[in-house]
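Trainee: What follows is a single structure, and I will ask about it in a moment.
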Amino acid sequence: MSVSRADLVSAVSGDHTWDVLVIGGGATGLGAAVEAAARGYSTLLLEQSDFAKGTSSRSTKLIHGGVRYLQQGDVSLVLEALHERGLLIQNAPHLVHHLAFVVPVYDWWEGPFYGIGLKLYDALAGKLGLGPSKNLSREETLERIPTVEPDGLRGGVIYYDGQFDDSRLAVTLARTLLDLGGIPLNYARVTGLLRSGAGGSIEGVSIVDEESGQEMDIRARVVVNATGVFTDQIRRLDDPSAGPMVTASQGVHIVLDREFLPGDSAIMVPHTSDGRVLFAVPWHGRVVVGTTDTPVPEASLEPRALEDEIEFLLTHAIRYLTRDPLPSDVLSVFAGLRPLVGDPDSDTKAISRDHTLLVSPSGLVTITGGKWTTYRRMGADTITQAALVGGLPERLSVTEELRLHGWTDEVDPTEPRSVYGTDAVEIEALERARPELAERLHPALPYRASEVVWATRSELARTVDDALSRRLRALLLDARASVEMAPRVARLMAEELGRGTAWEEGQVAEFAELAKGYVL
């Protein structure tokens, strides 16, 4: 199915009052919008940039209960997350699958200590568990992770958690919203809130279409603020005196070649020198190593990794892997900002990732905090509250069993096109109609020209960055290769969007500049 952004803008600009209007096209906003549409409410989602442009495309690629929260004693959060992990694997098996994690053990006490903790993790998952954890001998650990540092290795503990492709899940949620009759609109920036008279309740938003410059007022019975690290900016459109609610913490990841971690198991280090959990995770034929935890003073759509964060990750990779990665081995480095609710003066590692729901006196519903794993639960809680605020008919949530767009359980997660689910058939049809679209875009990556056409035609990709960062994951997997792909991608997109050579050249230059921040 092709999706015309012009048609979506036309539908939005009509004289229509929406039941639910969601600001923010990341995990939380998309989850809330899908929840609202699934309950039968007319739903509009507005995103200032591209879906998952910020935090939601820059995660550690895990759908997990959170071993760290178990360490902190936050059992209720772990229980909720493990339940949601199980639902996601059922509702989006083309995007979420289970993965083995090995905790290497170097001190005599670590085996029993982590073994008991992970047995509790298994027990909390109940019937939605992915497999029992168990202790491994030294030989079994080396068999699972042949490149783990063998000096002093006593054994390991293996457990199972979920892995996913974050921005592909975001795009899938946008498509699911369309399937349900809602409208997801990217590049639509909210500039103000509409009120019923001075100091009255909120009854819509003012926006600017970032592509055309057109300004519009849009009416809605209830407005949801789901803007992550930008939460306070929208809250101040409602109340300029609103104090800060969200603290931003930066997490950085480096991406290495698969030879640093062959096999199909990930490494989890429960306690690094800064107190964080560290992961080395196989993902799309590469290895993602992360993450850091650095408080940042202000939010940005394109956060940049700091030198000491990269040094921290390289130092720990060297400590736990037999082959020591050098800065020249890093294929890409990416940074994301976590929206943490709490005291900005406290240590961000200690602030809970649990979500917070707030209704202002004027009726603005704000949802923030949380993490990808619990996006559906956050959406359900938000829309239950929003329906009360907007005076909407009460309807129960149905998303626990809602299969997401493209659902198929006949999937091999190692197959690059598995992330498309049933849409892969339509991409193959494009290649049959135009065989040149079956050509690889770069020898270092699996992506083909047909996927760029599909992203533009059916997934609302509007820029080379949209295509190479979030529809295909080229920028994160190999930043230099993605820059080399950009001219061909720009040509393909220009053809689909009816743009000229000036647009192509501008896109290639913008993407090359952007990619500099992903290369060491």
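Ordering of the structure tokens sets the chain letters (A, B, ...); residue numbers start at 1 within each chain; ligands are numbered from 1 in the order shown.
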Per residue of stretch 28-110 of chain A within 12 Å of stretch 476-483 of chain A, what are the shortest atom pair and its distance in Å to one decimal, counting only C-alpha atoms, with rows by chain and residue number, as JSON lines?

Mentor:
```
{"residue": "A:Ser57", "atom": "CA", "partner": "A:Leu476", "partner_atom": "CA", "distance": 9.6}
{"residue": "A:Arg58", "atom": "CA", "partner": "A:Leu476", "partner_atom": "CA", "distance": 8.8}
{"residue": "A:Ser59", "atom": "CA", "partner": "A:Leu476", "partner_atom": "CA", "distance": 11.1}
{"residue": "A:Thr60", "atom": "CA", "partner": "A:Leu476", "partner_atom": "CA", "distance": 11.6}
{"residue": "A:Lys61", "atom": "CA", "partner": "A:Leu476", "partner_atom": "CA", "distance": 11.7}
```

Trainee: Run DSSP on the backbone of this structure and report the residues of stretch 30-264 of chain A it assigns to alpha helix (DSSP H), as a VMD selection string.

Mentor: chain A and resid 30 to 38 67 to 71 75 to 91 110 to 125 138 to 144 166 to 179 231 to 238

Trainee: Grab the residues selected above and save them as an mmCIF file, in the first residue's frame with C-alpha atoms.

Mentor:
```
data_model
loop_
_atom_site.group_PDB
_atom_site.id
_atom_site.type_symbol
_atom_site.label_atom_id
_atom_site.label_comp_id
_atom_site.auth_asym_id
_atom_site.auth_seq_id
_atom_site.Cartn_x
_atom_site.Cartn_y
_atom_site.Cartn_z
ATOM 1 C CA LEU A 30 3.032 6.005 18.630
ATOM 2 C CA GLY A 31 1.947 3.606 21.377
ATOM 3 C CA ALA A 32 -0.663 6.069 22.641
ATOM 4 C CA ALA A 33 -1.958 6.794 19.123
ATOM 5 C CA VAL A 34 -2.281 3.091 18.219
ATOM 6 C CA GLU A 35 -4.047 2.516 21.540
ATOM 7 C CA ALA A 36 -6.535 5.333 20.843
ATOM 8 C CA ALA A 37 -7.253 4.222 17.276
ATOM 9 C CA ALA A 38 -7.627 0.581 18.378
ATOM 10 C CA VAL A 67 18.129 -6.670 35.131
ATOM 11 C CA ARG A 68 19.385 -3.340 36.500
ATOM 12 C CA TYR A 69 15.942 -2.516 37.943
ATOM 13 C CA LEU A 70 15.943 -5.893 39.671
ATOM 14 C CA GLN A 71 19.279 -4.912 41.263
ATOM 15 C CA VAL A 75 10.271 -5.530 41.199
ATOM 16 C CA SER A 76 6.968 -4.020 39.985
ATOM 17 C CA LEU A 77 8.686 -2.320 37.019
ATOM 18 C CA VAL A 78 10.483 -5.568 36.119
ATOM 19 C CA LEU A 79 7.211 -7.532 36.355
ATOM 20 C CA GLU A 80 5.436 -5.061 34.066
ATOM 21 C CA ALA A 81 8.311 -5.020 31.558
ATOM 22 C CA LEU A 82 8.598 -8.832 31.434
ATOM 23 C CA HIS A 83 4.852 -9.091 30.800
ATOM 24 C CA GLU A 84 5.073 -6.526 27.975
ATOM 25 C CA ARG A 85 8.135 -8.306 26.535
ATOM 26 C CA GLY A 86 6.085 -11.482 26.224
ATOM 27 C CA LEU A 87 3.196 -9.644 24.538
ATOM 28 C CA LEU A 88 5.508 -7.926 22.038
ATOM 29 C CA ILE A 89 7.090 -11.197 20.961
ATOM 30 C CA GLN A 90 3.542 -12.500 20.302
ATOM 31 C CA ASN A 91 2.260 -9.331 18.577
ATOM 32 C CA GLU A 110 29.564 -13.922 41.029
ATOM 33 C CA GLY A 111 28.217 -17.263 39.756
ATOM 34 C CA PRO A 112 25.891 -17.969 42.707
ATOM 35 C CA PHE A 113 25.026 -14.260 43.133
ATOM 36 C CA TYR A 114 23.987 -13.617 39.515
ATOM 37 C CA GLY A 115 22.563 -17.121 39.161
ATOM 38 C CA ILE A 116 20.080 -16.532 42.001
ATOM 39 C CA GLY A 117 19.157 -13.075 40.670
ATOM 40 C CA LEU A 118 18.475 -14.418 37.191
ATOM 41 C CA LYS A 119 16.373 -17.294 38.581
ATOM 42 C CA LEU A 120 14.196 -14.591 40.178
ATOM 43 C CA TYR A 121 14.076 -12.847 36.760
ATOM 44 C CA ASP A 122 12.835 -16.145 35.215
ATOM 45 C CA ALA A 123 10.212 -16.551 37.938
ATOM 46 C CA LEU A 124 8.870 -13.011 37.454
ATOM 47 C CA ALA A 125 8.371 -13.672 33.722
ATOM 48 C CA ARG A 138 34.247 -22.182 31.801
ATOM 49 C CA GLU A 139 34.259 -24.407 28.695
ATOM 50 C CA GLU A 140 30.549 -23.824 27.998
ATOM 51 C CA THR A 141 31.027 -20.065 28.390
ATOM 52 C CA LEU A 142 33.916 -20.029 25.878
ATOM 53 C CA GLU A 143 31.870 -22.164 23.500
ATOM 54 C CA ARG A 144 29.029 -19.630 23.652
ATOM 55 C CA ASP A 166 13.666 0.028 17.378
ATOM 56 C CA SER A 167 12.972 2.429 14.505
ATOM 57 C CA ARG A 168 11.508 -0.393 12.391
ATOM 58 C CA LEU A 169 9.037 -1.018 15.242
ATOM 59 C CA ALA A 170 8.230 2.721 15.229
ATOM 60 C CA VAL A 171 7.562 2.672 11.466
ATOM 61 C CA THR A 172 5.450 -0.473 11.947
ATOM 62 C CA LEU A 173 3.392 1.306 14.625
ATOM 63 C CA ALA A 174 2.837 4.247 12.243
ATOM 64 C CA ARG A 175 1.615 1.774 9.597
ATOM 65 C CA THR A 176 -0.566 0.036 12.224
ATOM 66 C CA LEU A 177 -2.092 3.419 13.092
ATOM 67 C CA LEU A 178 -2.947 3.911 9.408
ATOM 68 C CA ASP A 179 -4.431 0.395 9.252
ATOM 69 C CA THR A 231 8.155 17.149 27.315
ATOM 70 C CA ASP A 232 8.791 20.390 29.195
ATOM 71 C CA GLN A 233 8.805 22.475 25.989
ATOM 72 C CA ILE A 234 5.208 21.458 25.242
ATOM 73 C CA ARG A 235 4.198 21.850 28.907
ATOM 74 C CA ARG A 236 5.439 25.469 28.776
ATOM 75 C CA LEU A 237 3.214 26.157 25.746
ATOM 76 C CA ASP A 238 0.398 25.300 28.185
#
```

Trainee: Neighbours of A:Gly517 within 10 Å (only C-alpha atoms; same-chain residues fewer than 3 positions away dropped), as a short mmCIF file (atom, residue, chain, number, x, y, z; two decimals) with N, CA, C and O atoms, in the first residue's frame?

Mentor:
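Done, and the output landed in around_25.cif:
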```cif
data_model
loop_
_atom_site.label_atom_id
_atom_site.label_comp_id
_atom_site.auth_asym_id
_atom_site.auth_seq_id
_atom_site.Cartn_x
_atom_site.Cartn_y
_atom_site.Cartn_z
N GLU A 302 19.80 15.66 17.66
CA GLU A 302 21.01 14.98 17.22
C GLU A 302 22.09 15.08 18.29
O GLU A 302 23.07 15.82 18.13
N PRO A 303 21.92 14.35 19.42
CA PRO A 303 22.97 14.39 20.45
C PRO A 303 24.26 13.79 19.93
O PRO A 303 24.25 12.93 19.05
N ARG A 304 25.38 14.24 20.47
CA ARG A 304 26.70 13.78 20.03
C ARG A 304 27.41 13.07 21.17
O ARG A 304 27.38 13.52 22.32
N ALA A 305 28.08 11.97 20.84
CA ALA A 305 28.85 11.23 21.84
C ALA A 305 30.03 12.06 22.31
O ALA A 305 30.69 12.74 21.51
N SER A 332 30.39 2.82 13.62
CA SER A 332 29.45 3.92 13.87
C SER A 332 29.37 4.14 15.37
O SER A 332 29.59 3.22 16.15
N VAL A 333 29.06 5.36 15.76
CA VAL A 333 28.79 5.68 17.17
C VAL A 333 27.51 6.50 17.20
O VAL A 333 27.33 7.42 16.40
N PHE A 334 26.57 6.10 18.08
CA PHE A 334 25.32 6.87 18.15
C PHE A 334 24.94 7.15 19.59
O PHE A 334 25.25 6.39 20.50
N ALA A 335 24.29 8.29 19.78
CA ALA A 335 23.89 8.74 21.11
C ALA A 335 22.39 8.96 21.15
O ALA A 335 21.80 9.42 20.18
N ALA A 479 28.62 3.95 9.26
CA ALA A 479 28.39 5.35 8.91
C ALA A 479 29.08 5.72 7.59
O ALA A 479 28.50 6.43 6.76
N ALA A 512 25.78 13.87 4.55
CA ALA A 512 27.23 13.73 4.79
C ALA A 512 27.63 14.51 6.04
O ALA A 512 28.45 14.04 6.85
N GLU A 513 27.04 15.68 6.23
CA GLU A 513 27.34 16.50 7.41
C GLU A 513 26.84 15.81 8.67
O GLU A 513 27.53 15.74 9.69
N LEU A 514 25.60 15.28 8.60
CA LEU A 514 25.02 14.56 9.73
C LEU A 514 25.87 13.36 10.12
O LEU A 514 26.14 13.11 11.30
N LEU A 520 34.11 8.18 14.25
CA LEU A 520 35.17 8.65 15.16
C LEU A 520 36.28 9.31 14.37
O LEU A 520 36.67 8.82 13.31
#
```

Trainee: Among the residues of stretch 63-158 of chain A, find those DSSP assigns to strand (DSSP E) from the backbone and print them as a list in words.

Mentor: Ile63, Val96, His97, His98, Leu99, Ala100, Phe101, Val102, Val103, Pro104, Val105, Lys134, Asn135, Leu136, Ser137, Gly155, Gly156, Val157 and Ile158 of chain A

Trainee: Give me, as a VMD selection string, all polymer residues having an atom no more than 12 Å from A:Ser273, counting only C-alpha atoms and skipping those fewer than 5 positions away in the same chain.

Mentor: chain A and resid 278 292 to 293 312 to 313 315 to 316 319

Trainee: With distances taken over only C-alpha atoms, which of A:Ser137, A:Thr399, A:Ser196, A:Ser241 is nearest to A:Ser362?

Mentor: A:Ser196

Trainee: Using only C-alpha atoms, pick whichever of A:Ile254, A:Ser133, A:Leu357, A:Gly40 has the shortest atom-to-atom distance to A:Arg395.

Mentor: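 Selected residue with least distance to A:Arg395: A:Gly40.
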
Trainee: Write out as a list in words the residues lying within 9 Å of stretch 244-247 of chain A, counting only C-alpha atoms and excluding same-chain residues fewer than 3 positions away.

Mentor: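 The neighbour list is Gly228, Val229, Phe230, Thr231, Asp232, Pro295, Val296, Pro297, Glu298, Arg338, Pro339, Leu340, Val341, Gly342, Asp343, Pro344, Thr348, Thr368 and Gly369 of chain A.
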
Trainee: Pick out the closest residue to A:Pro413 from this set: A:Gly500, A:Gly251, A:Pro93, A:Gly152. Count only C-alpha atoms.

Mentor: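 Using only C-alpha atoms, the shortest distance to A:Pro413 belongs to A:Pro93.
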
Trainee: Just how far from atom CA of A:Arg457 is atom CA of A:Arg499, in Å to one decimal?

Mentor: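 Taking atom CA of A:Arg499 and atom CA of A:Arg457, their separation equals 13.8 Å.
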
Trainee: Measuring atom to atom with only C-alpha atoms, identify which of A:Leu128, A:Leu8, A:Val103, A:Ala502 is nearest to A:His271.

Mentor: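 For A:His271, the nearest of the candidates is A:Val103.
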
Trainee: My list of candidates is A:Leu468, A:Ile267, A:Val411, A:Val519. Which is closest to A:Gln507 when distances are computed with only C-alpha atoms?

Mentor: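 For A:Gln507, the nearest of the given residues is A:Leu468.
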
Trainee: Find the nearest atom pair between each residue of stretch 271-384 of chain A and stretch 201-212 of chain A for residues within 10 Å, count only C-alpha atoms, give distances in Å to one decimal, sort rows by chain and ascending number, and present the table as JSON lines.

Mentor:
```
{"residue": "A:Ser360", "atom": "CA", "partner": "A:Ser201", "partner_atom": "CA", "distance": 9.5}
{"residue": "A:Pro361", "atom": "CA", "partner": "A:Ser201", "partner_atom": "CA", "distance": 7.7}
{"residue": "A:Ser362", "atom": "CA", "partner": "A:Ser201", "partner_atom": "CA", "distance": 4.3}
{"residue": "A:Gly363", "atom": "CA", "partner": "A:Ser201", "partner_atom": "CA", "distance": 5.9}
{"residue": "A:Leu364", "atom": "CA", "partner": "A:Ile202", "partner_atom": "CA", "distance": 6.7}
```

Trainee: Can you tell me, as a ChimeraX atom specification, what residues are no more than 12 Å from A:Ala474 when counting only C-alpha atoms, ignoring any on the same chain fewer than 2 positions away?

Mentor: /A:255,284-286,331-332,416,441-448,451-452,464-472,476-486,489,511,515,518

Trainee: Which residue gives the smallest distance to A:Ala266 among A:Asp165, A:Gly129, A:Ile158, A:Ala100, with only C-alpha atoms counted?

Mentor: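 Ranking A:Asp165, A:Gly129, A:Ile158, A:Ala100 by distance to A:Ala266, first place goes to A:Ala100.
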
Trainee: Just want the 6 Å neighbourhood of A:Val289, counted on only C-alpha atoms, with same-chain residues fewer than 4 positions away dropped. Output as number ranges by chain.

Mentor: A: 253-254, 279-280

Trainee: Pull C-alpha atoms from the residues just selected and write them as a short mmCIF file (atom, residue, chain, number, x, y, z; two decimals), in the first residue's frame.

Mentor:
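Written out: part-v9.cif:
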```
data_model
loop_
_atom_site.label_atom_id
_atom_site.label_comp_id
_atom_site.auth_asym_id
_atom_site.auth_seq_id
_atom_site.Cartn_x
_atom_site.Cartn_y
_atom_site.Cartn_z
CA HIS A 253 26.71 3.01 21.79
CA ILE A 254 29.54 1.97 19.52
CA PHE A 279 25.89 -4.99 26.85
CA ALA A 280 27.65 -6.31 23.76
#
```
